[in-house]
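Q: Starting off with a structure, shown below.
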Amino acid sequence: MESQVHEAAIVGAGPAGLAAAAALRAEGVQALVVDKAAAVGSKWREHYDRLHLHTERALSGLPGLPIPRKHGKWVSRAGVVEYLEEYARHHRIDLLLSTPVERVDRENGAWKLATPSGPVRARAVVIAAGYNHTPHLPDWPGKDSFTGELLHSARYKNAGRFGGKHALVVGTGNSGAEIAVDLVEGGAASVRIAVRTPPNIVRREVGPLATQRLGLALRYLPPAIVDPIAGLVQRLTVGDLTPYGLPPSPRGTYTRAREGQIPILDVGLVELLKSRRVTIVAAVRAFEGHDVILEDGQRIQPEVVIAATGYLRALDRLVGHLGVLDARGVPLPHGGKAHPSAPGLYFIGYTNPISGNLREIGIDARKIARALGRSRRT
């Protein structure tokens with residue numbers, strides 16, 4: 001492994017890494033995809049059972065292979081896994097699995113990926129280790145004293161063992177909203193959602209039109225134009241949720257999306273709020289024995305708390321020493337651009353645009369392939 005220098009190495013065998021490998025192959029650049037998991041798409045295998053893509057199938061395929069029509073308009077978690085397996089086979093992607101990459105360094109004009117089984121060397125490297133890499137659980141005071149069950153949404157699979165229990169979901173991203181719906185449908189005794197900042201909520205589709213397509217049409221316009229349009233659509237299709245504990249978001253849909261806060265694409269939460277089968281409460285301040293203490297001083301006693309509190313990119317250990325991350329740990333370059341201090345090092349999959357993450361991955365994969373194709377010819 002140490003003597004061979006690959007044309008390109010890709011860290012991560014999820015959608016971003018596989019798309020980059022396929023796009024590179026189309027440009028005549030052979031890449032080795034390295035992943036710590038034993039199979040492609042490991043994060044998708046871990047997601048909760050009821051998850052479906054919030055972007056429609058026709059706009060979610062990766063370069064060189066559409067998602068088959070048999071998976072329907074909104075592809076299930078299992079369908080995504082099946083598609084990624086077929087994608088790797090179809091493009092004959094060279095995989096090195098069960099091999100965690102510990103660090104990436106520049107050495108003698110090439111890149112060295114340190115792994116437990118020895119270094120992998122390559123002239124170019126694509127980091128595709130995942131937008132949702134490491135579950136983030138806030139350091140709430142007293143959380144270790146909580147006598148109920150506290151788990152991150154990454155460990156939630158389905159509502160089966162929570163039937164008849166009082167549940168609190170913390171966080172109002174798409175995962176938190178969908179898990180709340182799943183808990184209600186799965187027979188939880190009660191479901192509350194703890195909210196710090198009211199989210200923007202839009203319908204996943206309006207009639208036959210997916211909201212993603214509206215996002216595509218508006219994505220290059222300034223927020224001053226897009227936010228009022230999105231606000232109008234929201235008022236007409238979702239309505240005023242203030243009586244149910246969710247006043248309008250303090251910032252517009254597009255403004256927050258550019259900050260990385262994608263709106264909730266509703267798959268049932270709105271109706272459950274209006275029927276009061278899901279209740280909104282204040283943000284969590286602390287835990288104390290049986291009690292969860294909320295920011296408004298209220299104490300509640302849920303039997304299970306599911307923290308849909310997001311993920312960290314966790315790139316510091318891998319490339320933090322190279323000067324390519326901003327203060328939040330997010331890559332400074334992205335897509336087909338490399339940082340001046342790290343030539344030949346690319347990042348893919350670290351944006352979450354309103355036009356759809358998988359669609360954007362495909363675009364960036366082609367940009368990276370073109371950039372490496374050009375450098376290969378010079």
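Identifiers in this document derive from the order of the structure tokens: chains are assigned A, B, ..., residues are numbered from 1 separately in each chain, and ligands are numbered from 1 in order of occurrence.
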Can you list, as a list of chain:residue names, every protein, DNA or RNA residue that comes within 12 Å of Leu232 in chain A when you count only C-alpha atoms, leaving out same-chain residues fewer than 6 positions away?
A: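 The residues that qualify are A:Asn200, A:Ile201, A:Val202, A:Ile225, A:Val226, A:Val238, A:Gly239, A:Asp240, A:Pro248, A:Gly252, A:Thr253.
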Q: Quick check for you: according to DSSP on this backbone, which residues of range 96-162 of chain A are classed as helix (DSSP H, G or I)? Reply as a short mmCIF file (atom, residue, chain, number, x, y, z; two decimals) with C-alpha atoms, in the first residue's frame.
A:
data_model
loop_
_atom_site.label_atom_id
_atom_site.label_comp_id
_atom_site.auth_asym_id
_atom_site.auth_seq_id
_atom_site.Cartn_x
_atom_site.Cartn_y
_atom_site.Cartn_z
CA LYS A 143 -28.00 15.46 32.03
CA ASP A 144 -26.13 12.57 33.65
CA SER A 145 -28.60 12.66 36.53
CA SER A 153 -31.52 11.13 17.15
CA ALA A 154 -28.66 9.25 15.45
CA ARG A 155 -29.54 6.29 17.72
CA GLY A 160 -41.44 0.51 18.57
CA ARG A 161 -40.05 0.57 22.10
CA PHE A 162 -41.49 4.01 22.90
#
Q: Which residue gives the smallest distance to Thr134 in chain A among A:Leu273, A:Leu95, A:Leu236, A:Leu315, with only C-alpha atoms counted?
A: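 Closest to Thr134 in chain A of all the choices is A:Leu315.
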Q: Which residue out of A:Gly245, A:Gly329, A:Pro135, A:Gly12 has the minimum interatomic distance to Glu46 in chain A when only C-alpha atoms are used?
A: A:Pro135
Q: For range 287-298 of chain A, please output as a list in words all residues within 6 Å (counting only C-alpha atoms; exclusion window: fewer than 4 positions along the same chain).
A: Gly142, Lys143, Ser145, Phe146, Thr147, Ala282 and Ala283 of chain A
Q: Run DSSP on the backbone of this structure and report the residues of range 267-347 of chain A it assigns to strand (DSSP E), as a list in words.
A: Thr279, Ile280, Val281, Ala282, Val284, Arg285, Ala286, Phe287, Glu288, Asp291, Val292, Ile293, Leu294, Arg299, Ile300, Val304, Val305, Ile306, Ala307, Tyr311, Leu312, Leu345, Tyr346 and Phe347 of chain A
Q: Using CA of Val233 in chain A and CA of Ser275 in chain A as the two end points, give the distance in Å to one decimal.
A: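 Computing the Euclidean distance for CA of Val233 in chain A and CA of Ser275 in chain A yields 21.7 Å.
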Q: Show me, as number ranges by chain, the residues that have an atom within 10 Å of Thr279 in chain A when counting only C-alpha atoms, minus same-chain residues fewer than 4 positions from it.
A: A: 168, 180, 190-194, 244-246, 272-275
Q: Between CA of Glu107 in chain A and CA of His321 in chain A, what is the distance in Å, rounded to a tenth?
A: 13.8 Å
Q: My list of candidates is A:Lys157, A:Val181, A:Phe347, A:Arg370. Which is closest to Glu271 in chain A when distances are computed with only C-alpha atoms?
A: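 Comparing A:Lys157, A:Val181, A:Phe347, A:Arg370 against Glu271 in chain A, the winner is A:Val181.
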Q: Any idea what the distance is between CA of Val29 in chain A and CA of Leu84 in chain A?
A: 20.4 Å
Q: For Arg256 in chain A, find every residue with an atom within 10 Å (counting only C-alpha atoms), except residues of its own chain fewer than 4 positions away, and show them as a list in words.
A: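 Answer for this query is Pro199, Asn200, Pro223, Asp227, Ser249, Pro250, Arg251, Gly252, Gly260, Gln261, Ile262 and Pro263 of chain A.
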Q: Would you pick out the contacts of Val5 in chain A at 9 Å or less, using only C-alpha atoms, so that residues sharing its chain but fewer than 6 positions from it are not included, and give the list as a list in words?
A: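 Here the qualifying residues turn out to be Ala110, Trp111, Val120, Arg121, Ala122 and Arg123 of chain A.
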Q: Of the candidates A:His52, A:Arg258, A:Arg299, A:Arg285, which one gets nearest to Ile179 in chain A if we count only C-alpha atoms?
A: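 Among A:His52, A:Arg258, A:Arg299, A:Arg285, it is A:His52 that comes nearest to Ile179 in chain A.
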Q: Which one is closest to Pro247 in chain A: A:Ile229, A:Leu96, A:Thr197, A:Gly215? Count only C-alpha atoms.
A: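 Under the stated criterion, the closest residue is A:Thr197.
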Q: Please list as a short mmCIF file (atom, residue, chain, number, x, y, z; two decimals) with N, CA and C atoms, in the first residue's frame every residue within 8 Å of range 63-74 of chain A, counting only C-alpha atoms and excluding residues in the same chain fewer than 5 positions away.
A:
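Output contents, as saved in result.cif:
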data_model
loop_
_atom_site.label_atom_id
_atom_site.label_comp_id
_atom_site.auth_asym_id
_atom_site.auth_seq_id
_atom_site.Cartn_x
_atom_site.Cartn_y
_atom_site.Cartn_z
N ALA A 19 -20.03 9.64 -5.66
CA ALA A 19 -20.25 10.54 -6.80
C ALA A 19 -18.92 11.10 -7.32
N ALA A 22 -17.10 8.35 -9.30
CA ALA A 22 -17.69 8.10 -10.62
C ALA A 22 -17.38 9.24 -11.58
N ALA A 23 -17.46 10.49 -11.10
CA ALA A 23 -17.17 11.63 -11.96
C ALA A 23 -15.70 11.65 -12.36
N HIS A 52 -37.34 9.20 4.49
CA HIS A 52 -37.35 9.27 3.03
C HIS A 52 -36.60 10.54 2.62
N LEU A 53 -36.07 10.54 1.41
CA LEU A 53 -35.48 11.76 0.89
C LEU A 53 -36.54 12.86 0.89
N HIS A 54 -36.13 14.06 1.24
CA HIS A 54 -37.02 15.21 1.14
C HIS A 54 -36.86 15.91 -0.20
N THR A 55 -35.98 15.38 -1.03
CA THR A 55 -35.82 15.85 -2.41
C THR A 55 -36.34 14.75 -3.32
N GLU A 56 -36.95 15.12 -4.42
CA GLU A 56 -37.59 14.11 -5.23
C GLU A 56 -36.58 13.28 -6.01
N ARG A 57 -36.97 12.06 -6.31
CA ARG A 57 -36.08 11.08 -6.94
C ARG A 57 -35.43 11.64 -8.20
N ALA A 58 -36.21 12.30 -9.06
CA ALA A 58 -35.70 12.76 -10.34
C ALA A 58 -34.58 13.79 -10.20
N GLY A 79 -34.18 2.35 0.19
CA GLY A 79 -34.00 2.55 -1.24
C GLY A 79 -32.72 3.29 -1.57
N TYR A 83 -29.64 1.86 -3.77
CA TYR A 83 -29.13 2.64 -4.90
C TYR A 83 -27.62 2.86 -4.79
N TYR A 87 -24.85 1.74 -7.35
CA TYR A 87 -24.01 2.80 -7.93
C TYR A 87 -22.54 2.40 -7.90
N GLY A 362 -23.78 16.07 -6.87
CA GLY A 362 -23.50 15.72 -8.26
C GLY A 362 -22.81 16.84 -9.01
N ALA A 365 -19.22 17.12 -7.70
CA ALA A 365 -18.41 15.99 -8.14
C ALA A 365 -17.86 16.24 -9.55
N ARG A 366 -18.69 16.76 -10.42
CA ARG A 366 -18.25 17.05 -11.79
C ARG A 366 -17.23 18.18 -11.80
#
